[in-house]
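**Student:** Sending over query24.csv (CSV, C-alpha atoms).
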```csv
chain,number,residue,atom,x,y,z
A,1,MET,CA,-6.5,15.2,24.7
A,2,GLY,CA,-5.6,15.0,21.0
A,3,TYR,CA,-4.7,17.8,18.6
A,4,LEU,CA,-8.4,18.6,18.2
A,5,GLU,CA,-10.4,19.9,21.2
A,6,THR,CA,-13.6,21.3,19.6
A,7,ALA,CA,-15.7,20.8,16.5
A,8,ARG,CA,-15.3,24.5,15.8
A,9,GLN,CA,-11.5,24.1,15.7
A,10,LYS,CA,-11.9,21.1,13.3
A,11,HIS,CA,-14.1,23.1,10.9
A,12,ALA,CA,-11.6,26.0,11.0
A,13,LEU,CA,-8.8,23.6,10.0
A,14,TYR,CA,-11.0,22.2,7.3
A,15,SER,CA,-11.6,25.7,5.9
A,16,ASP,CA,-7.9,26.4,5.9
A,17,LEU,CA,-7.1,23.2,4.1
A,18,ILE,CA,-9.7,24.1,1.4
A,19,LYS,CA,-7.8,27.3,0.8
A,20,ILE,CA,-4.6,25.4,0.3
A,21,ALA,CA,-5.8,22.3,-1.7
A,22,GLY,CA,-9.1,23.4,-3.1
A,23,GLU,CA,-12.6,22.4,-2.1
A,24,ASP,CA,-12.8,19.4,-4.4
A,25,SER,CA,-9.6,18.0,-2.9
A,26,VAL,CA,-10.5,18.0,0.9
A,27,LEU,CA,-13.0,15.6,2.6
A,28,LEU,CA,-14.1,15.9,6.2
A,29,ASP,CA,-14.7,12.8,8.4
A,30,GLU,CA,-14.2,10.6,5.3
A,31,PRO,CA,-14.9,6.8,5.8
A,32,MET,CA,-11.7,5.0,5.0
A,33,CYS,CA,-13.6,1.9,3.9
A,34,ARG,CA,-14.2,3.8,0.7
A,35,HIS,CA,-10.5,4.0,0.0
A,36,THR,CA,-9.0,0.6,1.0
A,37,SER,CA,-9.1,-2.7,-0.9
A,38,PHE,CA,-10.2,-4.4,2.4
A,39,ARG,CA,-13.3,-2.2,2.4
A,40,ILE,CA,-12.7,-1.7,6.1
A,41,GLY,CA,-12.0,1.4,8.2
A,42,GLY,CA,-13.6,4.2,10.2
A,43,PRO,CA,-13.4,8.0,9.3
A,44,ALA,CA,-10.3,10.0,8.9
A,45,ASP,CA,-10.6,13.5,10.4
A,46,PHE,CA,-9.3,15.0,7.1
A,47,PHE,CA,-8.7,13.3,3.7
A,48,VAL,CA,-6.8,15.3,1.2
A,49,MET,CA,-5.9,14.6,-2.5
A,50,PRO,CA,-3.1,17.1,-3.4
A,51,ARG,CA,-3.1,18.4,-7.0
A,52,ASP,CA,0.7,18.6,-7.4
A,53,GLU,CA,4.0,18.5,-5.5
A,54,GLN,CA,3.7,22.1,-4.3
A,55,SER,CA,0.3,21.5,-2.9
A,56,LEU,CA,1.5,18.4,-1.2
A,57,ILE,CA,4.4,20.4,0.4
A,58,ARG,CA,2.1,23.1,1.6
A,59,ILE,CA,-0.3,20.6,3.1
A,60,LEU,CA,2.6,18.9,5.0
A,61,GLN,CA,3.8,22.2,6.3
A,62,PHE,CA,0.2,23.0,7.4
A,63,CYS,CA,0.2,19.7,9.4
A,64,ARG,CA,3.5,20.5,11.1
A,65,GLU,CA,2.4,24.0,12.0
A,66,ASN,CA,-0.9,22.8,13.5
A,67,GLY,CA,0.3,19.6,15.1
A,68,ILE,CA,-1.8,17.4,12.9
A,69,PRO,CA,-0.7,13.8,12.4
A,70,ASP,CA,-0.5,12.8,8.8
A,71,TYR,CA,-0.2,9.7,6.8
A,72,ILE,CA,0.6,9.2,3.1
A,73,MET,CA,-1.3,6.5,1.2
A,74,GLY,CA,-1.7,5.3,-2.4
A,75,ASN,CA,-4.7,3.4,-3.4
A,76,GLY,CA,-5.0,1.5,-0.1
A,77,SER,CA,-4.3,-1.9,-1.4
A,78,ASN,CA,-2.1,-2.9,1.6
A,79,LEU,CA,-3.8,-1.0,4.4
A,80,LEU,CA,-6.0,-2.0,7.3
A,81,VAL,CA,-7.6,1.1,8.9
A,82,MET,CA,-9.0,0.7,12.4
A,83,ASP,CA,-12.7,0.9,13.1
A,84,ASN,CA,-12.4,4.1,15.0
A,85,GLY,CA,-10.6,5.7,12.0
A,86,TYR,CA,-7.7,8.0,12.0
A,87,ARG,CA,-7.3,11.1,14.2
A,88,GLY,CA,-5.4,13.2,11.7
A,89,LEU,CA,-5.0,13.9,8.0
A,90,ILE,CA,-4.6,11.3,5.3
A,91,ILE,CA,-2.9,12.4,2.1
A,92,GLN,CA,-3.8,10.2,-0.9
A,93,LEU,CA,-1.3,10.2,-3.8
A,94,PHE,CA,-3.3,8.4,-6.4
A,95,LYS,CA,-5.5,9.9,-9.0
A,96,ASN,CA,-3.7,13.3,-9.0
A,97,PHE,CA,-0.2,11.8,-9.1
A,98,SER,CA,-0.6,9.2,-11.8
A,99,ALA,CA,1.3,10.6,-14.9
A,100,ILE,CA,3.3,8.1,-16.9
A,101,THR,CA,5.8,9.0,-19.7
A,102,ILE,CA,8.1,6.8,-21.7
A,103,ASP,CA,11.5,7.8,-23.2
A,104,GLY,CA,13.3,4.9,-24.9
A,105,LEU,CA,13.9,2.2,-22.3
A,106,ARG,CA,12.9,4.4,-19.4
A,107,ILE,CA,9.5,4.9,-17.8
A,108,ARG,CA,9.0,7.9,-15.6
A,109,ALA,CA,5.9,7.7,-13.5
A,110,GLN,CA,4.4,9.6,-10.5
A,111,ALA,CA,3.9,7.9,-7.2
A,112,GLY,CA,0.1,7.4,-7.7
A,113,ALA,CA,0.4,5.6,-11.0
A,114,MET,CA,-0.9,2.0,-10.7
A,115,LEU,CA,1.7,-0.7,-11.3
A,116,THR,CA,-0.8,-2.4,-13.6
A,117,GLY,CA,-1.1,0.7,-15.7
A,118,ILE,CA,2.7,1.1,-15.9
A,119,ALA,CA,3.1,-2.5,-16.9
A,120,LYS,CA,0.5,-2.0,-19.7
A,121,CYS,CA,2.4,1.0,-21.0
A,122,ALA,CA,5.6,-1.1,-21.0
A,123,GLN,CA,3.8,-3.8,-22.9
A,124,ARG,CA,2.6,-1.4,-25.6
A,125,GLU,CA,6.2,-0.3,-26.1
A,126,SER,CA,7.5,-3.9,-26.1
A,127,LEU,CA,9.6,-3.2,-23.0
A,128,THR,CA,10.3,-6.2,-20.8
A,129,GLY,CA,11.2,-6.5,-17.1
A,130,MET,CA,8.0,-5.4,-15.5
A,131,GLU,CA,5.8,-8.4,-16.2
A,132,PHE,CA,6.0,-9.5,-12.6
A,133,ALA,CA,4.2,-6.3,-11.5
A,134,SER,CA,1.4,-6.5,-14.1
A,135,GLY,CA,-1.0,-7.9,-11.5
A,136,ILE,CA,0.1,-6.2,-8.3
A,137,PRO,CA,-2.9,-3.9,-7.3
A,138,GLY,CA,-0.8,-1.1,-5.9
A,139,THR,CA,0.8,2.2,-6.8
A,140,LEU,CA,4.3,2.9,-7.8
A,141,GLY,CA,4.9,4.9,-4.5
A,142,GLY,CA,3.9,2.0,-2.3
A,143,ALA,CA,5.8,-0.4,-4.4
A,144,ALA,CA,9.0,1.7,-4.1
A,145,VAL,CA,8.5,2.0,-0.3
A,146,MET,CA,8.1,-1.8,0.2
A,147,ASN,CA,10.2,-3.1,-2.7
A,148,ALA,CA,7.1,-4.9,-4.0
A,149,GLY,CA,7.7,-8.1,-5.8
A,150,ALA,CA,6.1,-11.2,-7.2
A,151,TYR,CA,6.9,-14.3,-9.3
A,152,GLY,CA,10.7,-13.8,-9.0
A,153,GLY,CA,10.8,-10.0,-9.7
A,154,GLU,CA,11.2,-7.0,-7.4
A,155,MET,CA,11.1,-3.3,-7.8
A,156,LYS,CA,14.9,-3.1,-7.1
A,157,ASP,CA,15.4,-5.0,-10.4
A,158,ILE,CA,14.0,-2.3,-12.5
A,159,THR,CA,14.3,1.0,-10.5
A,160,GLU,CA,16.9,3.5,-11.7
A,161,THR,CA,16.1,6.5,-9.5
A,162,VAL,CA,13.4,7.4,-7.0
A,163,ARG,CA,12.2,11.0,-6.5
A,164,ILE,CA,11.5,11.5,-2.8
A,165,LEU,CA,10.5,14.3,-0.5
A,166,ASP,CA,12.8,14.4,2.6
A,167,PRO,CA,11.3,16.5,5.4
A,168,GLU,CA,14.8,17.7,6.3
A,169,SER,CA,16.3,18.5,2.9
A,170,GLY,CA,13.4,18.8,0.4
A,171,VAL,CA,12.9,17.1,-2.9
A,172,ARG,CA,15.8,15.0,-4.3
A,173,GLU,CA,16.5,12.0,-6.5
A,174,LEU,CA,17.9,8.8,-5.0
A,175,PRO,CA,19.7,6.3,-7.3
A,176,CYS,CA,18.7,2.7,-6.8
A,177,ALA,CA,22.0,1.9,-5.0
A,178,GLN,CA,21.0,4.4,-2.3
A,179,MET,CA,17.5,3.0,-1.8
A,180,ASN,CA,18.6,0.1,0.5
A,181,PHE,CA,16.1,-2.2,-1.1
A,182,GLY,CA,15.4,-5.3,1.0
A,183,TYR,CA,12.6,-7.8,1.5
A,184,ARG,CA,9.5,-5.5,1.7
A,185,THR,CA,11.5,-2.5,2.8
A,186,SER,CA,13.7,0.4,1.6
A,187,ILE,CA,15.4,3.5,2.9
A,188,VAL,CA,12.1,5.3,2.3
A,189,ALA,CA,10.4,3.1,4.9
A,190,GLU,CA,13.4,3.4,7.3
A,191,LYS,CA,13.7,7.2,7.1
A,192,GLY,CA,10.1,8.3,6.6
A,193,TYR,CA,10.6,9.8,3.2
A,194,ILE,CA,7.7,10.4,0.8
A,195,VAL,CA,7.9,8.9,-2.7
A,196,LEU,CA,6.9,11.4,-5.4
A,197,GLY,CA,7.8,9.2,-8.4
A,198,ALA,CA,10.5,7.0,-10.0
A,199,VAL,CA,12.3,6.2,-13.2
A,200,LEU,CA,12.2,2.6,-14.2
A,201,LYS,CA,14.7,1.2,-16.7
A,202,LEU,CA,13.5,-1.8,-18.7
A,203,GLU,CA,14.9,-3.7,-21.8
A,204,LYS,CA,13.6,-4.0,-25.3
A,205,GLY,CA,11.7,-7.3,-25.7
A,206,ASP,CA,9.4,-9.3,-27.9
A,207,LEU,CA,5.8,-8.2,-27.6
A,208,SER,CA,4.3,-11.7,-28.0
A,209,GLN,CA,6.6,-13.0,-25.2
A,210,ILE,CA,5.8,-10.1,-22.9
A,211,THR,CA,2.1,-10.5,-23.5
A,212,GLY,CA,2.3,-14.3,-23.0
A,213,ARG,CA,4.1,-13.9,-19.7
A,214,MET,CA,1.6,-11.3,-18.5
A,215,GLU,CA,-1.3,-13.6,-19.4
A,216,GLU,CA,0.5,-16.5,-17.7
A,217,LEU,CA,0.9,-14.5,-14.4
A,218,LYS,CA,-2.7,-13.3,-14.7
A,219,GLU,CA,-4.0,-16.8,-14.9
A,220,ALA,CA,-1.8,-17.8,-11.9
A,221,ARG,CA,-3.2,-15.0,-9.8
A,222,THR,CA,-6.8,-15.7,-10.8
A,223,SER,CA,-6.6,-19.4,-10.1
A,224,LYS,CA,-4.6,-19.2,-6.8
A,225,GLN,CA,-5.6,-15.9,-5.1
A,226,PRO,CA,-9.0,-14.9,-3.7
A,227,LEU,CA,-9.4,-11.9,-6.0
A,228,GLU,CA,-13.2,-12.1,-5.8
A,229,LEU,CA,-13.2,-11.0,-2.1
A,230,PRO,CA,-11.9,-7.8,-0.5
A,231,SER,CA,-8.4,-8.2,1.1
A,232,ALA,CA,-5.1,-6.4,1.5
A,233,GLY,CA,-3.1,-9.0,-0.4
A,234,SER,CA,-0.7,-11.2,1.4
A,235,THR,CA,-1.4,-10.7,5.1
A,236,PHE,CA,1.9,-11.9,6.6
A,237,LYS,CA,5.5,-11.6,5.4
A,238,ARG,CA,7.2,-14.7,4.1
A,239,PRO,CA,9.3,-16.3,6.9
A,240,LYS,CA,12.8,-17.3,6.0
A,241,ASP,CA,12.8,-20.7,4.2
A,242,HIS,CA,9.0,-21.0,4.6
A,243,PHE,CA,5.8,-19.8,3.1
A,244,ALA,CA,3.2,-18.1,5.3
A,245,GLY,CA,0.2,-19.6,3.5
A,246,LYS,CA,1.6,-23.2,3.8
A,247,LEU,CA,2.3,-22.8,7.5
A,248,ILE,CA,-1.2,-21.4,8.1
A,249,MET,CA,-2.8,-24.3,6.1
A,250,GLU,CA,-0.8,-26.9,7.9
A,251,ALA,CA,-2.0,-25.4,11.2
A,252,GLY,CA,-5.5,-26.3,10.1
A,253,LEU,CA,-6.7,-22.7,9.7
A,254,ARG,CA,-8.0,-22.8,6.1
A,255,GLY,CA,-11.4,-21.1,6.3
A,256,TYR,CA,-11.0,-20.1,9.9
A,257,ARG,CA,-13.3,-17.1,10.7
A,258,VAL,CA,-13.6,-14.4,13.2
A,259,GLY,CA,-16.8,-12.4,12.5
A,260,GLY,CA,-16.7,-11.3,8.9
A,261,ALA,CA,-12.9,-12.0,8.5
A,262,MET,CA,-11.7,-15.3,7.1
A,263,VAL,CA,-8.5,-17.1,6.2
A,264,SER,CA,-9.1,-17.7,2.5
A,265,ASP,CA,-9.9,-21.2,1.6
A,266,LYS,CA,-8.4,-20.5,-1.8
A,267,HIS,CA,-5.0,-19.3,-0.5
A,268,CYS,CA,-4.3,-19.4,3.2
A,269,GLY,CA,-1.8,-16.5,3.0
A,270,PHE,CA,-4.8,-14.1,2.5
A,271,VAL,CA,-7.2,-12.9,5.1
A,272,VAL,CA,-10.4,-11.7,3.3
A,273,ASN,CA,-13.4,-9.7,4.2
A,274,ALA,CA,-16.0,-12.4,3.8
A,275,GLY,CA,-18.9,-10.1,4.7
A,276,ASN,CA,-19.0,-6.9,6.8
A,277,ALA,CA,-15.7,-7.6,8.6
A,278,THR,CA,-14.4,-5.0,11.1
A,279,ALA,CA,-10.8,-4.2,11.7
A,280,LEU,CA,-11.2,-5.8,15.1
A,281,ASP,CA,-12.3,-9.0,13.3
A,282,VAL,CA,-9.2,-9.0,11.1
A,283,LEU,CA,-6.8,-8.2,14.0
A,284,THR,CA,-8.3,-10.9,16.2
A,285,LEU,CA,-8.0,-13.4,13.4
A,286,MET,CA,-4.5,-12.4,12.6
A,287,LYS,CA,-3.5,-12.8,16.2
A,288,ASP,CA,-5.1,-16.2,16.4
A,289,VAL,CA,-3.3,-17.3,13.3
A,290,GLN,CA,0.0,-16.0,14.6
A,291,ASP,CA,-0.4,-17.7,17.9
A,292,LYS,CA,-1.4,-21.1,16.4
A,293,VAL,CA,1.4,-21.2,13.9
A,294,PHE,CA,3.9,-20.1,16.6
A,295,SER,CA,2.7,-22.8,19.0
A,296,GLN,CA,3.0,-25.5,16.4
A,297,THR,CA,6.2,-24.4,14.6
A,298,GLY,CA,8.0,-21.8,16.7
A,299,ILE,CA,7.9,-19.5,13.6
A,300,LYS,CA,6.7,-16.0,14.2
A,301,LEU,CA,4.5,-14.6,11.4
A,302,GLU,CA,5.0,-10.9,10.9
A,303,PRO,CA,2.1,-8.8,9.5
A,304,GLU,CA,2.7,-7.5,6.0
A,305,VAL,CA,-0.5,-5.5,5.9
A,306,LYS,CA,0.0,-1.9,7.2
A,307,MET,CA,-2.2,-0.9,10.1
A,308,LEU,CA,-3.4,2.6,10.6
A,309,GLY,CA,-5.1,4.1,13.6
A,310,GLU,CA,-5.2,3.1,17.3
A,311,GLN,CA,-5.2,-0.7,17.5
A,312,GLN,CA,-8.1,-2.3,19.4
A,313,ASP,CA,-6.8,-4.4,22.3
A,314,VAL,CA,-4.9,-6.8,20.0
A,315,ILE,CA,-1.2,-7.2,20.7
A,316,PHE,CA,0.9,-9.1,18.2
A,317,ARG,CA,4.0,-11.0,19.0
```
Please re-express this file's structure in structure tokens.
**Tutor:**
Amino acid sequence: MGYLETARQKHALYSDLIKIAGEDSVLLDEPMCRHTSFRIGGPADFFVMPRDEQSLIRILQFCRENGIPDYIMGNGSNLLVMDNGYRGLIIQLFKNFSAITIDGLRIRAQAGAMLTGIAKCAQRESLTGMEFASGIPGTLGGAAVMNAGAYGGEMKDITETVRILDPESGVRELPCAQMNFGYRTSIVAEKGYIVLGAVLKLEKGDLSQITGRMEELKEARTSKQPLELPSAGSTFKRPKDHFAGKLIMEAGLRGYRVGGAMVSDKHCGFVVNAGNATALDVLTLMKDVQDKVFSQTGIKLEPEVKMLGEQQDVIFR
């Protein structure tokens, strides 16, 4: 038996959440396909969009007091939610946590601010260093958690401090040196902290060069990545000394399909929703890809996409 036993109990918790977060900030049985770039996912019991840090803290306390599982998300660009949804409460830090301010060479932004938006602000101020992130379709919070990177740049290169919520000690600022940034990981991921925002330190640059680099990277993404179809970005992490997409292509899996899920024929590192794909389609395809690559090369591909909910009879290596 889960934390909910009756529909009456569920609606009572819903009413209590509205009192904390406001009626326009709480959704009941919300389909997660509306909130992920994959356009896949069943309903979350509760979906809450806190208005500020204090509201967020109160919601988390409410979850602890009532034994409600919770999950923090940004704009869902790296998330695969299972078909049966999520039995708990999803907190979205996106629209209500998106403030961006600039002070000299520093940009202070909240966790829900889109990297593309921050990069455009930097461009307007002729600040260089963030061009690599100008096309990453994620939020600052997710980027800090995973040390997002592309085209030779990573968040660790431009992060000065990260504002986090530690369930044990409250809100504090972590300098970059304490973030333990690694390949697609950080101390935030290791410890289960919640990113509230960050200060990024850039350098003064030439506007024309910054704009040129951003256009160059935009063209590279448009020509090489399947941006026209729903996906969660790169599906597998990059193996040491290899590229996941190349390994998948060499395994003869370009265009391979399971139901509505497909290995992109434009870039084999992407699994795309080619038409009404389910989470089970995606999971089955990912497992097939992993098994085929491993059998041919001995290299284990590890999922980069985050999976939320009870997985459906698919076990990864």
**Student:** Using only C-alpha atoms and a cutoff of 10 Å, can you tell me which residues are near (10.3, 10.6, 2.6) in the file's coordinates, and write them out as number ranges by chain?
**Tutor:** A: 72, 145, 163-172, 187-196
**Student:** For Val305 in chain A, find every residue with an atom within 6 Å (counting all atoms listed in the file), except residues of its own chain fewer than 2 positions away, and show them as a list of chain:residue names.
**Tutor:**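 Everything that qualifies: A:Asn78, A:Leu79, A:Thr235, A:Pro303.
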**Student:** Grab the residues selected above and save them as a compact mmCIF listing (two decimals), in the frame of the given file with C-alpha atoms.
**Tutor:**
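As a result, again_1.txt now contains:
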```
# COMPACT_ATOMS: atom_id res chain seq x y z
CA ASN A 78 -2.10 -2.90 1.60
CA LEU A 79 -3.80 -1.00 4.40
CA THR A 235 -1.40 -10.70 5.10
CA PRO A 303 2.10 -8.80 9.50
```
**Student:** So, counting only C-alpha atoms, which residue among A:Gln290, A:Ser37, A:Asn180, A:Asn84 is closest to Met146 in chain A?
**Tutor:**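 Closest residue, counting only C-alpha atoms: A:Asn180.
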**Student:** Could you list, as a list of chain:residue names, every residue within 12 Å of Leu207 in chain A, counting all atoms listed in the file and ignoring same-chain residues fewer than 6 positions away?
**Tutor:**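 Result of the neighbour search: A:Lys120, A:Cys121, A:Ala122, A:Gln123, A:Arg124, A:Glu125, A:Ser126, A:Leu127, A:Thr128, A:Gly129, A:Glu131, A:Arg213, A:Met214.
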**Student:** Have a look at A:Arg8, A:Arg254, A:Arg221, A:Arg64 and name the one nearest to Gly88 in chain A; count only C-alpha atoms.
**Tutor:**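 Residue with the minimum atom-to-atom distance to Gly88 in chain A: A:Arg64.
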**Student:** Check the smallest atom-to-atom distance from each of A:Lys201, A:Lys95, A:His242, A:Arg106 to Asp52 in chain A using all atoms listed in the file, then report the winner.
**Tutor:**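 Of A:Lys201, A:Lys95, A:His242, A:Arg106, the one nearest Asp52 in chain A, counting all atoms listed in the file, is A:Lys95.
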**Student:** Between A:Met114, A:Ile158, A:Leu89, A:Ala244, which is the closest to Leu4 in chain A once you count only C-alpha atoms?
**Tutor:**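 Once distances to Leu4 in chain A are computed over only C-alpha atoms, the minimum belongs to A:Leu89.
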**Student:** Of the candidates A:Phe38, A:Glu160, A:Ala220, A:Ala143, which one gets nearest to Met262 in chain A if we count only C-alpha atoms?
**Tutor:**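 Smallest distance to Met262 in chain A is found for A:Phe38.
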**Student:** Need to verify the contact set: Lys224 in chain A, 9 Å, only C-alpha atoms, exclusion of same-chain residues closer than 4 positions in sequence. Can you return it as an NGL selection string?
**Tutor:** :A and (219-220 or 266-267)
